[in-house]
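Asker: Please read through the structure below; I'll follow up with questions.
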Amino acid sequence: MAEIKSILFPTDFTEASLKVIPYAKYLTEKFGAKLTVLFVVEELSKYANFYVPHSALDNLEQELMEHAQKKLTSFIEEHFEDFPVEPLVRRGKIAEEIAKVAEEKETGLILMATHGRKGLEKILIGSVTERVIKIAPCPVMTINPFRVKK
């Protein structure tokens, strides 16, 4: 098994992500790894079927990035107090950005929550976790936080 020197924990700030935090901390400590907590601001270009003035779109994307950075900072302060974490905010297609960051940082493990969506909900919403598993440059550990025993 390859040595795991860094772990990537993508978050969407949901309850599912919150339940995976103890696993992120535990694995980081056990492997003596570096932990990066990532939030990806989804590209607005996927909503390009209607006209938005270019300058308005640029301003909105800048505001989203600034808000995401503030949200990630408070998320880390609240849930990773006194725990060394590298915060990172990116913009793009979520799954692709997660894989890209994993490659750039030579990540040994991506740790993600899976929401366990099924049926029509999965078809309509899709699965970021499923996509990451398919394109990740390293192993991906998924945890269904709603089946975790306390």
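Letters A, B, ... mark the chains of the structure tokens in the order given; residue numbers begin at 1 per chain; ligand numbers begin at 1, in order shown.
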Determine which residues of chain A receive a DSSP assignment of alpha helix (DSSP H), computed from the backbone, and state them as JSON, numbers by chain.
Answerer: {"A": [15, 16, 17, 18, 19, 20, 21, 22, 23, 24, 25, 26, 27, 28, 29, 30, 31, 54, 55, 56, 57, 58, 59, 60, 61, 62, 63, 64, 65, 66, 67, 68, 69, 70, 71, 72, 73, 74, 75, 76, 77, 78, 79, 94, 95, 96, 97, 98, 99, 100, 101, 102, 103, 104, 119, 120, 121, 122, 123, 124, 125, 128, 129, 130, 131, 132, 133, 134, 135]}
Asker: Which residue out of A:Lys134, A:Lys25, A:Lys100, A:Lys30 has the minimum interatomic distance to A:Ile4 when only C-alpha atoms are used?
Answerer: A:Lys30
Asker: So, with only C-alpha atoms as the atoms that count, which of A:Pro137, A:Pro22, A:Pro145, A:Gly32 lies closest to A:Glu96?
Answerer: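 For A:Glu96, the nearest of the candidates is A:Pro137.
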Asker: One number please: atom CA of A:Met112 to atom CA of A:Glu130, in Å, one decimal.
Answerer: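 Atom-to-atom, atom CA of A:Met112 and atom CA of A:Glu130 are spaced 10.3 Å apart.
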Asker: Within stretch 51-111 of chain A, find each residue whose DSSP state, derived from the backbone, is strand (DSSP E), and express the selection as a PyMOL selection string.
Answerer: chain A and resi 86-92+109-111
Asker: Smallest atom-to-atom distance to A:Ala33: which of A:Thr11, A:Ser6, A:Ser74, A:Asn144, using only C-alpha atoms?
Answerer: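 Using only C-alpha atoms, A:Ala33 sits closest to A:Ser6.
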Asker: Please, what distance in Å, to one decimal, runs between atom CA of A:Val128 and atom CA of A:Lys5?
Answerer: 24.0 Å
Asker: Quick one: distance from atom CA of A:Arg147 to atom CA of A:Thr114 in Å, one decimal?
Answerer: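 Interatomic distance here is 10.4 Å.
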Asker: Please provide the set of residues having any atom within 12 Å of A:Tyr26, restricted to only C-alpha atoms, with same-chain residues fewer than 5 positions apart removed, written as a list of chain:residue names.
Answerer: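 The residues that qualify are A:Ile7, A:Val20, A:Ile21, A:Phe31, A:Gly32, A:Ala33, A:Lys34, A:Leu35, A:Phe80, A:Phe83, A:Leu111.
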Asker: Which is closest to A:Ile98 among A:Tyr23, A:Asn59, A:Ile135, A:Phe13, if we use only C-alpha atoms?
Answerer: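 Of all the options, A:Ile135 lies closest to A:Ile98.
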Asker: From the options A:Ala16, A:Met65, A:Met141, A:Ala24, which residue's atoms come nearest to A:Gly92, counting only C-alpha atoms?
Answerer: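 Distance minimum relative to A:Gly92 lands on A:Met65.
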Asker: Using only C-alpha atoms, which residue out of A:Glu3, A:Pro84, A:Pro139, A:Val89 lies closest to A:Glu103?
Answerer: A:Pro139
Asker: List the spatial neighbours of A:Pro10 as a list in words - criterion: any atom at most 7 Å away, only C-alpha atoms, same-chain residues fewer than 4 positions off excluded.
Answerer: Val37, Leu38, Phe39 and Met112 of chain A
Asker: Write to file, as a tab-separated table (two decimals), in the first residue's frame, the residues of the selection just made, with N, CA, C and O atoms.
Answerer:
chain	number	residue	atom	x	y	z
A	37	VAL	N	-8.61	20.92	3.47
A	37	VAL	CA	-10.06	20.99	3.43
A	37	VAL	C	-10.42	21.89	2.25
A	37	VAL	O	-10.01	23.04	2.19
A	38	LEU	N	-11.19	21.33	1.33
A	38	LEU	CA	-11.49	22.00	0.07
A	38	LEU	C	-12.98	22.28	-0.08
A	38	LEU	O	-13.81	21.42	0.20
A	39	PHE	N	-13.28	23.49	-0.55
A	39	PHE	CA	-14.63	23.82	-0.96
A	39	PHE	C	-14.56	24.32	-2.39
A	39	PHE	O	-13.73	25.18	-2.71
A	112	MET	N	-14.47	11.49	1.50
A	112	MET	CA	-15.72	12.18	1.18
A	112	MET	C	-16.93	11.54	1.82
A	112	MET	O	-16.96	10.33	2.02
